[in-house]
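Source file: query.tsv; contents: TSV, N, CA and C atoms.
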chain	number	residue	atom	x	y	z
Y	52	MET	N	16.82	39.05	7.42
Y	52	MET	CA	17.67	39.51	6.33
Y	52	MET	C	18.95	40.10	6.93
Y	53	SER	N	20.04	39.74	6.38
Y	53	SER	CA	21.31	40.25	6.87
Y	53	SER	C	21.56	41.66	6.34
Y	54	THR	N	22.63	42.26	6.78
Y	54	THR	CA	22.97	43.62	6.34
Y	54	THR	C	23.81	43.61	5.07
Y	55	GLU	N	24.00	42.45	4.47
Y	55	GLU	CA	24.80	42.37	3.25
Y	55	GLU	C	24.18	43.17	2.10
Y	56	TRP	N	22.88	43.37	2.12
Y	56	TRP	CA	22.22	44.12	1.07
Y	56	TRP	C	22.75	45.56	1.01
Y	57	ARG	N	23.16	46.10	2.17
Y	57	ARG	CA	23.67	47.47	2.19
Y	57	ARG	C	25.00	47.56	1.43
Y	58	ALA	N	25.83	46.56	1.58
Y	58	ALA	CA	27.10	46.54	0.85
Y	58	ALA	C	26.83	46.42	-0.64
Y	59	ASP	N	25.88	45.60	-1.01
Y	59	ASP	CA	25.51	45.44	-2.41
Y	59	ASP	C	24.94	46.74	-2.97
Y	60	LEU	N	24.12	47.40	-2.18
Y	60	LEU	CA	23.55	48.68	-2.60
Y	60	LEU	C	24.66	49.70	-2.84
Y	61	ARG	N	25.62	49.77	-1.95
Y	61	ARG	CA	26.71	50.73	-2.10
Y	61	ARG	C	27.49	50.47	-3.39
Y	62	LEU	N	27.80	49.21	-3.66
Y	62	LEU	CA	28.52	48.87	-4.88
Y	62	LEU	C	27.75	49.26	-6.13
Y	63	LYS	N	26.45	49.03	-6.11
Y	63	LYS	CA	25.63	49.38	-7.26
Y	63	LYS	C	25.54	50.89	-7.44
Y	64	LEU	N	25.45	51.63	-6.34
Y	64	LEU	CA	25.45	53.08	-6.43
Y	64	LEU	C	26.78	53.60	-6.97
Y	65	GLU	N	27.87	53.03	-6.50
Y	65	GLU	CA	29.19	53.42	-7.00
Y	65	GLU	C	29.29	53.16	-8.50
Y	66	ASP	N	28.81	52.01	-8.94
Y	66	ASP	CA	28.83	51.69	-10.38
Y	66	ASP	C	27.98	52.68	-11.17
Y	67	LEU	N	26.82	53.02	-10.63
Y	67	LEU	CA	25.93	53.96	-11.30
Y	67	LEU	C	26.59	55.33	-11.44
Y	68	VAL	N	27.15	55.82	-10.36
Y	68	VAL	CA	27.82	57.12	-10.40
Y	68	VAL	C	28.99	57.07	-11.37
Y	69	ASP	N	29.79	56.03	-11.29
Y	69	ASP	CA	30.95	55.89	-12.18
Y	69	ASP	C	30.55	55.90	-13.65
Y	70	LYS	N	29.43	55.25	-13.97
Y	70	LYS	CA	28.97	55.21	-15.36
Y	70	LYS	C	28.74	56.62	-15.89
Y	71	PHE	N	28.08	57.46	-15.12
Y	71	PHE	CA	27.78	58.80	-15.59
Y	71	PHE	C	29.02	59.70	-15.58
Y	72	VAL	N	29.92	59.47	-14.65
Y	72	VAL	CA	31.17	60.24	-14.64
Y	72	VAL	C	32.01	59.88	-15.86
Y	73	VAL	N	32.09	58.62	-16.20
Y	73	VAL	CA	32.82	58.19	-17.40
Y	73	VAL	C	32.19	58.79	-18.65
Y	74	ASP	N	30.87	58.96	-18.63
Y	74	ASP	CA	30.17	59.56	-19.76
Y	74	ASP	C	30.31	61.08	-19.80
Y	75	GLY	N	30.97	61.66	-18.80
Y	75	GLY	CA	31.26	63.09	-18.84
Y	75	GLY	C	30.62	63.96	-17.78
Y	76	ALA	N	29.79	63.40	-16.93
Y	76	ALA	CA	29.15	64.19	-15.88
Y	76	ALA	C	30.12	64.43	-14.73
Y	77	GLU	N	29.87	65.49	-13.99
Y	77	GLU	CA	30.68	65.77	-12.80
Y	77	GLU	C	30.18	64.88	-11.64
Y	78	HIS	N	31.14	64.36	-10.89
Y	78	HIS	CA	30.85	63.47	-9.77
Y	78	HIS	C	29.83	64.09	-8.83
Y	79	LYS	N	30.06	65.33	-8.42
Y	79	LYS	CA	29.17	65.98	-7.46
Y	79	LYS	C	27.77	66.17	-8.03
Y	80	ASP	N	27.67	66.41	-9.34
Y	80	ASP	CA	26.36	66.58	-9.97
Y	80	ASP	C	25.58	65.27	-10.00
Y	81	VAL	N	26.27	64.18	-10.24
Y	81	VAL	CA	25.62	62.87	-10.26
Y	81	VAL	C	25.12	62.53	-8.86
Y	82	ILE	N	25.96	62.74	-7.86
Y	82	ILE	CA	25.56	62.45	-6.48
Y	82	ILE	C	24.34	63.29	-6.09
Y	83	GLU	N	24.33	64.55	-6.46
Y	83	GLU	CA	23.20	65.42	-6.15
Y	83	GLU	C	21.93	64.96	-6.87
Y	84	ALA	N	22.05	64.56	-8.12
Y	84	ALA	CA	20.89	64.07	-8.86
Y	84	ALA	C	20.35	62.79	-8.22
Y	85	VAL	N	21.22	61.90	-7.80
Y	85	VAL	CA	20.78	60.66	-7.13
Y	85	VAL	C	20.06	61.02	-5.83
Y	86	ARG	N	20.61	61.97	-5.08
Y	86	ARG	CA	19.97	62.39	-3.83
Y	86	ARG	C	18.57	62.93	-4.10
Y	87	GLN	N	18.43	63.77	-5.12
Y	87	GLN	CA	17.13	64.34	-5.45
Y	87	GLN	C	16.13	63.26	-5.87
Y	88	GLU	N	16.58	62.32	-6.67
Y	88	GLU	CA	15.70	61.24	-7.11
Y	88	GLU	C	15.25	60.37	-5.94
Y	89	ILE	N	16.15	60.11	-5.02
Y	89	ILE	CA	15.79	59.31	-3.84
Y	89	ILE	C	14.76	60.05	-3.00
Y	90	GLU	N	14.92	61.36	-2.87
Y	90	GLU	CA	13.95	62.15	-2.12
Y	90	GLU	C	12.58	62.10	-2.79
Y	91	GLN	N	12.55	62.17	-4.11
Y	91	GLN	CA	11.27	62.07	-4.83
Y	91	GLN	C	10.64	60.69	-4.64
Y	92	LEU	N	11.46	59.66	-4.65
Y	92	LEU	CA	10.93	58.31	-4.41
Y	92	LEU	C	10.37	58.20	-3.00
Y	93	ARG	N	11.07	58.79	-2.03
Y	93	ARG	CA	10.61	58.75	-0.65
Y	93	ARG	C	9.25	59.44	-0.52
Y	94	THR	N	9.12	60.60	-1.14
Y	94	THR	CA	7.87	61.34	-1.10
Y	94	THR	C	6.75	60.55	-1.77
Y	95	ALA	N	7.02	59.99	-2.93
Y	95	ALA	CA	6.01	59.20	-3.63
Y	95	ALA	C	5.59	58.00	-2.79
Y	96	TYR	N	6.52	57.36	-2.13
Y	96	TYR	CA	6.20	56.20	-1.30
Y	96	TYR	C	5.32	56.59	-0.11
Y	97	GLU	N	5.54	57.78	0.46
Y	97	GLU	CA	4.72	58.24	1.58
Y	97	GLU	C	3.27	58.42	1.16
Y	98	TYR	N	3.03	58.82	-0.09
Y	98	TYR	CA	1.68	59.04	-0.57
Y	98	TYR	C	1.01	57.77	-1.07
Y	99	ASP	N	1.79	56.85	-1.56
Y	99	ASP	CA	1.23	55.62	-2.12
Y	99	ASP	C	2.15	54.47	-1.77
Y	100	LEU	N	1.88	53.83	-0.65
Y	100	LEU	CA	2.78	52.80	-0.14
Y	100	LEU	C	2.95	51.63	-1.10
Y	101	ASP	N	1.91	51.30	-1.83
Y	101	ASP	CA	2.02	50.18	-2.77
Y	101	ASP	C	1.21	50.50	-4.02
Y	102	PRO	N	1.84	51.16	-5.00
Y	102	PRO	CA	1.10	51.54	-6.20
Y	102	PRO	C	0.54	50.35	-6.98
Y	103	SER	N	1.05	49.17	-6.76
Y	103	SER	CA	0.56	47.99	-7.48
Y	103	SER	C	-0.84	47.57	-7.00
Y	104	GLU	N	-1.29	48.12	-5.88
Y	104	GLU	CA	-2.60	47.74	-5.35
Y	104	GLU	C	-3.74	48.52	-5.98
Y	105	ARG	N	-3.45	49.39	-6.92
Y	105	ARG	CA	-4.50	50.19	-7.57
Y	105	ARG	C	-5.30	49.37	-8.53

When written as C-alpha cells, how does the structure in this file appear?
Amino acid sequence: MSTEWRADLRLKLEDLVDKFVVDGAEHKDVIEAVRQEIEQLRTAYEYDLDPSER
C-alpha cells in the first residue's frame, strides 16, 4: 500500500473540521474533540482488536 492514503486522510480530516467550523464551532475545539475521539478509538482497539469476531 502506498502512502497516498495519508494524504487522503488529511483532506478528509480538513473537510470534517471545516464542516464544524462553518456550523459555528471553534477550530481549536473541533481539533481537540477529534483528538479525544481518536484516543478513545485507540483504547477500544487495544482491548478488542476485532469486535466483529464476537

Checklist entry - Where in chain Y does DSSP assign helix (DSSP H, G or I), given as number ranges by chain? => result Y: 55-73, 78-98, 102-104

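Our summary of the geometry notes that CA of Arg61 in chain Y is positioned 21.3 Å from CA of Gly75 in chain Y.
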
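Remark: for Val68 in chain Y, the closest of the candidate residues Y:Glu97, Y:Glu83, Y:Glu90, Y:Glu55 is Y:Glu83 (distances computed over only C-alpha atoms).
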
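When CA of Lys70 in chain Y is paired with CA of Tyr96 in chain Y, their separation reads 26.8 Å.
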
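Here the question is which of Y:Leu60, Y:Ser53, Y:Leu67, Y:Asp99 gets nearest to Val81 in chain Y using all atoms listed in the file, and that residue is Y:Leu67.
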